[in-house]
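K.L.:
What follows is work_12.txt, compact mmCIF, C-alpha atoms and all ligand atoms.
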```
# COMPACT_ATOMS: atom_id res chain seq x y z
CA PHE A 1 95.68 97.21 130.89
CA HIS A 2 95.75 94.47 128.38
CA ARG A 3 96.30 94.22 124.67
CA PHE A 4 92.87 94.56 123.10
CA PRO A 5 91.83 92.01 120.51
CA LEU A 6 90.76 93.19 117.06
CA HIS A 7 87.23 92.85 115.74
CA MET A 8 85.91 93.60 112.29
CA VAL A 9 83.82 96.71 111.62
CA HIS A 10 82.69 96.90 107.97
CA GLY A 11 85.67 94.70 107.08
CA ILE A 12 88.25 96.75 109.02
CA PRO A 13 90.02 95.24 112.08
CA LEU A 14 89.66 97.68 114.98
CA MET A 15 90.48 97.41 118.69
CA GLU A 16 87.71 96.07 120.90
CA PRO A 17 86.87 99.33 122.77
CA ILE A 18 86.37 101.10 119.44
CA VAL A 19 84.06 98.37 118.22
CA GLN A 20 82.04 98.53 121.44
CA GLN A 21 81.52 102.28 120.89
CA TRP A 22 80.93 102.01 117.18
CA GLY A 23 77.36 103.39 117.24
CA PRO A 24 78.32 106.75 118.84
CA ILE A 25 81.40 107.00 116.61
CA GLU A 26 79.40 106.47 113.43
CA ASP A 27 76.78 108.99 114.59
CA PHE A 28 79.36 111.58 115.65
CA GLN A 29 78.21 115.09 114.81
CA ALA A 30 81.00 117.04 113.18
CA ARG A 31 80.80 120.84 113.15
CA PRO A 32 81.57 122.76 109.93
CA ASP A 33 84.64 124.35 111.53
CA ASP A 34 86.11 121.03 112.75
CA LEU A 35 89.52 120.18 111.35
CA LEU A 36 90.28 116.48 110.99
CA ILE A 37 93.85 115.16 110.90
CA ALA A 38 93.64 111.71 109.34
CA THR A 39 96.44 109.18 108.96
CA TYR A 40 97.28 105.52 108.88
CA PRO A 41 98.93 104.91 112.29
CA LYS A 42 102.59 106.03 112.44
CA ALA A 43 102.53 108.18 109.31
CA GLY A 44 103.38 111.41 111.16
CA THR A 45 100.11 112.24 112.93
CA THR A 46 101.69 113.81 116.01
CA TRP A 47 104.05 115.87 113.88
CA MET A 48 101.15 117.30 111.86
CA GLN A 49 99.14 117.92 115.03
CA GLU A 50 102.00 119.96 116.45
CA ILE A 51 102.34 121.94 113.20
CA VAL A 52 98.61 122.67 113.03
CA ASP A 53 98.36 123.72 116.66
CA LEU A 54 101.33 126.09 116.37
CA ILE A 55 99.85 127.63 113.21
CA LEU A 56 96.47 128.15 114.89
CA VAL A 57 98.04 129.90 117.90
CA ARG A 58 100.23 131.90 115.49
CA GLY A 59 103.46 130.52 116.90
CA ASP A 60 102.68 131.26 120.54
CA VAL A 61 104.58 128.32 122.03
CA GLU A 62 103.20 128.68 125.55
CA LYS A 63 99.65 128.62 124.25
CA ALA A 64 100.35 125.59 122.07
CA HIS A 65 101.89 123.70 124.95
CA ARG A 66 99.00 124.23 127.33
CA ALA A 67 98.43 120.44 127.46
CA PRO A 68 99.75 117.21 125.92
CA THR A 69 98.84 116.44 122.30
CA HIS A 70 96.10 113.91 123.05
CA ILE A 71 94.28 116.40 125.30
CA ARG A 72 94.69 119.41 123.00
CA MET A 73 93.58 117.54 119.87
CA PRO A 74 91.56 114.48 120.87
CA PHE A 75 91.48 111.18 119.07
CA LEU A 76 88.06 110.58 117.51
CA GLU A 77 87.72 106.84 118.00
CA ILE A 78 89.71 106.20 121.15
CA CYS A 79 90.73 108.01 124.30
CA PRO A 80 94.38 107.15 125.08
CA THR A 81 94.06 107.73 128.82
CA PRO A 82 92.34 105.54 131.45
CA PRO A 83 89.71 104.15 131.39
CA MET A 84 89.89 104.39 127.58
CA PRO A 85 86.33 105.05 126.49
CA SER A 86 85.72 106.19 122.95
CA GLY A 87 87.10 109.64 122.21
CA VAL A 88 83.71 110.93 121.01
CA GLN A 89 82.48 111.44 124.56
CA GLN A 90 85.24 113.89 125.42
CA LEU A 91 84.83 115.71 122.10
CA VAL A 92 81.31 116.92 122.80
CA ASP A 93 82.62 119.36 125.41
CA VAL A 94 85.52 120.68 123.33
CA PRO A 95 84.84 124.27 122.19
CA SER A 96 85.04 125.15 118.49
CA PRO A 97 87.11 125.16 116.44
CA ARG A 98 88.10 121.60 117.24
CA VAL A 99 91.12 119.76 115.85
CA ILE A 100 90.38 116.05 115.84
CA LYS A 101 92.67 113.12 115.10
CA THR A 102 91.59 109.89 113.44
CA HIS A 103 93.13 106.75 111.98
CA LEU A 104 89.86 105.60 110.43
CA PRO A 105 89.96 104.70 106.75
CA PHE A 106 87.99 107.09 104.53
CA GLN A 107 84.85 104.95 104.37
CA LEU A 108 84.56 104.69 108.18
CA VAL A 109 84.93 108.43 108.89
CA PRO A 110 81.58 109.66 110.29
CA LYS A 111 79.46 110.99 107.40
CA SER A 112 78.88 114.32 109.13
CA PHE A 113 82.50 115.35 108.37
CA TRP A 114 81.81 115.08 104.63
CA GLU A 115 78.29 116.54 104.85
CA ASN A 116 79.69 119.58 106.63
CA ARG A 117 82.57 119.86 104.15
CA CYS A 118 85.06 119.88 107.04
CA LYS A 119 88.71 120.47 106.28
CA VAL A 120 90.79 117.30 106.45
CA ILE A 121 94.58 117.05 106.48
CA TYR A 122 95.79 113.60 105.48
CA VAL A 123 99.41 112.60 106.12
CA ALA A 124 100.82 109.61 104.25
CA ARG A 125 104.17 107.89 104.73
CA ASN A 126 105.89 105.33 102.53
CA ALA A 127 104.85 101.77 103.36
CA LYS A 128 108.29 100.50 104.39
CA ASP A 129 109.03 103.18 106.98
CA ASN A 130 105.40 103.10 108.05
CA VAL A 131 105.40 99.38 108.82
CA VAL A 132 108.73 99.56 110.71
CA SER A 133 107.42 102.42 112.84
CA TYR A 134 104.17 100.51 113.49
CA TYR A 135 106.14 97.40 114.49
CA PHE A 136 108.01 99.32 117.21
CA PHE A 137 104.84 101.09 118.28
CA ASP A 138 102.99 97.79 118.74
CA GLN A 139 105.77 96.66 121.05
CA MET A 140 105.52 99.74 123.29
CA ASN A 141 101.76 100.33 123.11
CA LYS A 142 100.28 97.87 125.56
CA THR A 143 96.74 98.27 124.20
CA GLN A 144 97.57 97.17 120.65
CA PRO A 145 97.80 93.47 119.75
CA GLU A 146 101.17 91.79 120.38
CA PRO A 147 103.27 92.36 117.24
CA GLY A 148 105.19 89.05 117.39
CA PRO A 149 108.35 88.57 115.33
CA TRP A 150 109.20 91.05 112.56
CA GLU A 151 108.91 88.51 109.73
CA LEU A 152 105.32 87.67 110.70
CA TYR A 153 104.43 91.27 111.40
CA LEU A 154 105.57 92.30 107.94
CA ARG A 155 103.45 89.55 106.44
CA LYS A 156 100.41 90.76 108.42
CA PHE A 157 100.93 94.27 107.08
CA MET A 158 101.03 92.91 103.52
CA GLU A 159 97.95 90.80 104.23
CA GLU A 160 96.25 94.02 105.46
CA LYS A 161 95.41 92.52 108.86
CA LEU A 162 96.86 95.08 111.28
CA ALA A 163 94.72 97.40 113.39
CA TRP A 164 92.97 100.07 111.25
CA GLY A 165 93.24 97.75 108.29
CA SER A 166 94.99 97.98 104.99
CA TRP A 167 97.69 100.63 104.54
CA TYR A 168 97.23 100.24 100.78
CA ASP A 169 93.49 101.01 100.80
CA HIS A 170 93.93 103.74 103.42
CA VAL A 171 96.45 105.86 101.49
CA CYS A 172 94.82 105.21 98.08
CA ARG A 173 91.26 106.00 99.10
CA TYR A 174 92.06 109.39 100.66
CA TRP A 175 94.23 110.11 97.61
CA ASP A 176 91.37 109.32 95.23
CA GLU A 177 88.87 111.30 97.28
CA ARG A 178 91.03 114.38 97.83
CA THR A 179 89.51 116.33 94.95
CA ASN A 180 85.91 115.40 95.89
CA HIS A 181 86.31 116.78 99.41
CA ASN A 182 88.23 119.39 101.32
CA ILE A 183 91.32 117.19 101.77
CA LEU A 184 94.93 118.39 101.90
CA TYR A 185 97.19 115.41 101.17
CA VAL A 186 100.67 115.70 102.68
CA PHE A 187 103.62 113.29 102.45
CA TYR A 188 105.87 112.60 105.44
CA GLU A 189 108.84 112.47 103.05
CA ASP A 190 108.04 115.99 101.77
CA MET A 191 107.83 117.26 105.35
CA LYS A 192 111.28 115.85 106.05
CA GLU A 193 112.69 117.24 102.82
CA ASP A 194 111.42 120.79 103.23
CA PRO A 195 109.41 121.39 106.41
CA ALA A 196 108.95 125.14 105.74
CA ARG A 197 107.45 124.45 102.31
CA GLU A 198 104.98 121.88 103.69
CA ILE A 199 104.07 124.05 106.70
CA ARG A 200 103.30 126.87 104.23
CA ARG A 201 100.96 124.50 102.36
CA VAL A 202 99.16 123.78 105.64
CA MET A 203 98.96 127.53 106.42
CA ASP A 204 97.41 128.20 103.00
CA PHE A 205 94.90 125.41 103.55
CA LEU A 206 93.98 126.81 106.97
CA GLU A 207 93.92 130.34 105.54
CA VAL A 208 96.40 131.62 108.10
CA GLU A 209 99.12 134.09 107.19
CA LEU A 210 102.20 134.36 109.37
CA PRO A 211 105.39 136.44 109.13
CA PRO A 212 108.58 134.58 108.06
CA GLU A 213 110.08 134.62 111.56
CA VAL A 214 107.01 132.88 112.98
CA LEU A 215 107.19 130.24 110.26
CA GLU A 216 110.85 129.72 111.11
CA LYS A 217 109.96 129.31 114.77
CA ILE A 218 107.31 126.70 113.89
CA VAL A 219 109.84 124.77 111.78
CA TRP A 220 112.18 124.69 114.77
CA GLN A 221 109.51 123.81 117.34
CA THR A 222 108.23 120.94 115.20
CA SER A 223 111.65 119.47 114.40
CA PHE A 224 112.18 115.91 115.58
CA GLN A 225 114.80 116.82 118.20
CA VAL A 226 112.68 119.55 119.81
CA MET A 227 109.48 117.47 119.81
CA LYS A 228 111.34 114.47 121.25
CA GLU A 229 112.30 116.57 124.29
CA ASN A 230 108.92 118.30 124.58
CA PRO A 231 106.74 116.65 127.26
CA MET A 232 103.67 118.21 125.62
CA ALA A 233 104.44 116.47 122.31
CA ASN A 234 106.32 113.24 123.12
CA TYR A 235 103.51 111.34 124.90
CA SER A 236 105.57 111.04 128.11
CA SER A 237 102.45 112.05 130.08
CA VAL A 238 100.63 108.85 129.11
CA PRO A 239 101.20 106.21 131.82
CA SER A 240 103.89 103.63 131.03
CA THR A 241 101.30 100.90 131.59
CA ILE A 242 99.81 102.11 128.28
CA LEU A 243 102.81 103.49 126.37
CA ASP A 244 106.05 101.93 127.61
CA GLN A 245 108.72 104.26 126.29
CA ASP A 246 111.47 102.07 127.80
CA VAL A 247 110.51 99.45 125.24
CA SER A 248 110.65 101.97 122.37
CA PRO A 249 110.35 105.76 122.57
CA PHE A 250 107.29 107.33 120.93
CA MET A 251 109.66 109.72 119.15
CA ARG A 252 111.80 106.85 117.89
CA LYS A 253 113.92 107.87 114.85
CA GLY A 254 111.92 110.26 112.71
CA GLU A 255 113.73 109.41 109.48
CA VAL A 256 113.04 108.51 105.87
CA GLY A 257 114.79 105.25 104.95
CA ASN A 258 115.02 103.80 108.46
CA TRP A 259 113.38 100.65 107.01
CA LYS A 260 116.74 99.65 105.54
CA ASN A 261 117.89 98.62 109.03
CA TYR A 262 115.05 96.10 109.41
CA PHE A 263 114.13 94.68 105.98
CA THR A 264 116.45 91.94 104.75
CA VAL A 265 117.28 92.08 101.03
CA ALA A 266 114.90 89.14 100.45
CA GLN A 267 112.08 90.78 102.44
CA SER A 268 112.53 93.98 100.51
CA GLU A 269 112.31 92.20 97.15
CA VAL A 270 109.18 90.26 98.10
CA PHE A 271 107.61 93.42 99.54
CA ASP A 272 108.40 95.48 96.43
CA ALA A 273 107.00 92.87 94.04
CA HIS A 274 103.78 92.61 96.05
CA TYR A 275 103.60 96.41 96.35
CA GLN A 276 103.88 96.83 92.58
CA ARG A 277 100.96 94.50 92.02
CA ARG A 278 98.88 95.92 94.85
CA MET A 279 99.33 99.57 93.85
CA GLU A 280 99.15 98.99 90.11
CA GLY A 281 97.13 101.61 88.30
CA SER A 282 97.28 104.12 91.17
CA SER A 283 98.67 107.59 90.52
CA LEU A 284 99.91 107.69 94.11
CA HIS A 285 103.70 107.49 94.41
CA PHE A 286 105.94 107.43 97.47
CA ARG A 287 109.64 107.93 98.03
CA THR A 288 111.38 105.41 100.32
CA GLN A 289 114.46 107.62 100.60
CA ILE A 290 115.17 111.31 100.10
P1 LIG B 1 109.50 106.51 113.73
O1 LIG B 1 108.95 105.38 114.51
O2 LIG B 1 109.94 106.10 112.35
O3 LIG B 1 110.56 107.27 114.45
P2 LIG B 1 102.43 109.03 114.57
O4 LIG B 1 102.51 110.37 115.20
O5 LIG B 1 101.53 108.97 113.38
O6 LIG B 1 102.21 107.95 115.56
O7 LIG B 1 103.88 108.77 113.89
C1 LIG B 1 105.00 108.56 114.67
C2 LIG B 1 106.21 108.58 113.77
O8 LIG B 1 106.48 109.94 113.37
C3 LIG B 1 107.46 108.10 114.49
O9 LIG B 1 108.30 107.55 113.45
C4 LIG B 1 107.99 109.42 115.02
O10 LIG B 1 109.34 109.39 115.39
C5 LIG B 1 107.76 110.31 113.83
N1 LIG B 1 107.79 111.74 114.16
C6 LIG B 1 107.14 112.36 115.16
N2 LIG B 1 107.47 113.67 115.20
C7 LIG B 1 108.35 113.87 114.19
C8 LIG B 1 109.06 115.01 113.71
N3 LIG B 1 108.94 116.20 114.28
N4 LIG B 1 109.88 114.84 112.65
C9 LIG B 1 110.02 113.64 112.07
N5 LIG B 1 109.38 112.53 112.47
C10 LIG B 1 108.54 112.64 113.51
```
Do you think you could lay out the structure here as structure tokens?
Ligand code: A3P

P.N.:
Amino acid sequence: FHRFPLHMVHGIPLMEPIVQQWGPIEDFQARPDDLLIATYPKAGTTWMQEIVDLILVRGDVEKAHRAPTHIRMPFLEICPTPPMPSGVQQLVDVPSPRVIKTHLPFQLVPKSFWENRCKVIYVARNAKDNVVSYYFFDQMNKTQPEPGPWELYLRKFMEEKLAWGSWYDHVCRYWDERTNHNILYVFYEDMKEDPAREIRRVMDFLEVELPPEVLEKIVWQTSFQVMKENPMANYSSVPSTILDQDVSPFMRKGEVGNWKNYFTVAQSEVFDAHYQRRMEGSSLHFRTQI
């Protein structure tokens, strides 16, 4: 495996194998009962996938852990296992109802999801923790471009040049579109603060009712410590030639405010000033600590 270069698709930098499969991705036929979990990379995708799966199997842990995350709930635009074709090929054979993961920005999501009024769960995480998590991920994920030094990586994030494009546009566009479509918008920080409350929101959205003891079980099963040890949720089944967990574990810290260990005071000030300007006028607000 090698680190794939990025190419532009409609102004968004995407990894080469995604670009090569762009036609089939764009033409992907969503089904009305598909559920899409959409995120900017490292916002808490895997966490939400685990929550959704456990809700759908009504807390039956054995059923939920029938296979690793990326097999149970495939990635729309990329298949994380060799030989890494586009994920759309494997999705055709998945029986309904499908749960599909994507990092595509709103405008690149295949139209059929919107035409079919599919349910979409969007998870957003504050920019500072998100970029730190992405920085470590790009070190351990041997298919993503080399992250280089932190200082430069942070600048690339602010310049909106990382894979899957601008964090700023990503979070804002889904936010603005949430009332036009069937989108549940969830914050990573809220999930950390009160997981039971946020899991209940997801249950309501999915129209699933569960007794309190099952909800409690799901809170426990989807806690950072339990997921970190769970081979069906921690990506340990993906070969280390692709995800090298010795470089940085997939389940790394799972905290709000971890950015404070990596941003210098100067970096934080520059970032905040740019952020203010970039997000001006948006009604979307994040917490960088809880
Ligand atoms: P960190 O790198 O900050 O630890 P994604 O699934 O979108 O790739 O996001 C991965 C990030 O979510 C990682 O963040 C990971 O540790 C965190 N994460 C995964 N499961 C979690 C959980 N149950 N609770 C809190 N954070 C979790």

K.L.:
Scan for residues within 7 Å of the point (108.0, 113.0, 113.5) in the coordinates of the file, using only C-alpha atoms, and reply as a list in words.

P.N.:
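Output: Gly44, Thr46, Trp47, Phe224, Met251 and Gly254 of chain A.
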
K.L.:
When you count all atoms listed in the file, which of these residues is closest to Gln107 of chain A: A:Val132, A:Ile218, A:Val256, A:Cys172?

P.N.:
A:Cys172

K.L.:
With all atoms listed in the file counted, collect every polymer residue having an atom within 9 Å of ligand LIG 1 (chain B); state the result as an NGL selection string.

P.N.:
:A and (39-51 or 103 or 123 or 129-137 or 188 or 191-192 or 219 or 221-228 or 233-234 or 248-259)

K.L.:
Fewer than 4 positions away in the same chain doesn't count, so skip those; otherwise give me all residues within 9 Å of segment 281-286 of chain A, counting all atoms listed in the file, as a VMD selection string.

P.N.:
chain A and resid 124 to 127 171 to 172 175 to 176 187 189 277

K.L.:
Looking at A:Glu62, A:Asp53, A:Glu209, A:Asp246, which one is nearest to Gln139 of chain A, with distances taken over all atoms listed in the file?

P.N.:
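So, comparing all the options, the nearest one is A:Asp246.
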
K.L.:
When you draw a straight line from atom CA of Tyr168 of chain A to atom CA of Ala266 of chain A, how long is it in Å?

P.N.:
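Atom-to-atom, atom CA of Tyr168 of chain A and atom CA of Ala266 of chain A are spaced 20.9 Å apart.
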
K.L.:
Name the closest residue to Pro97 of chain A among the candidates A:Leu206, A:Ala38, A:Leu152, A:Leu14; distances are taken between atoms, counting all atoms listed in the file.

P.N.:
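The closest residue to Pro97 of chain A is A:Leu206.
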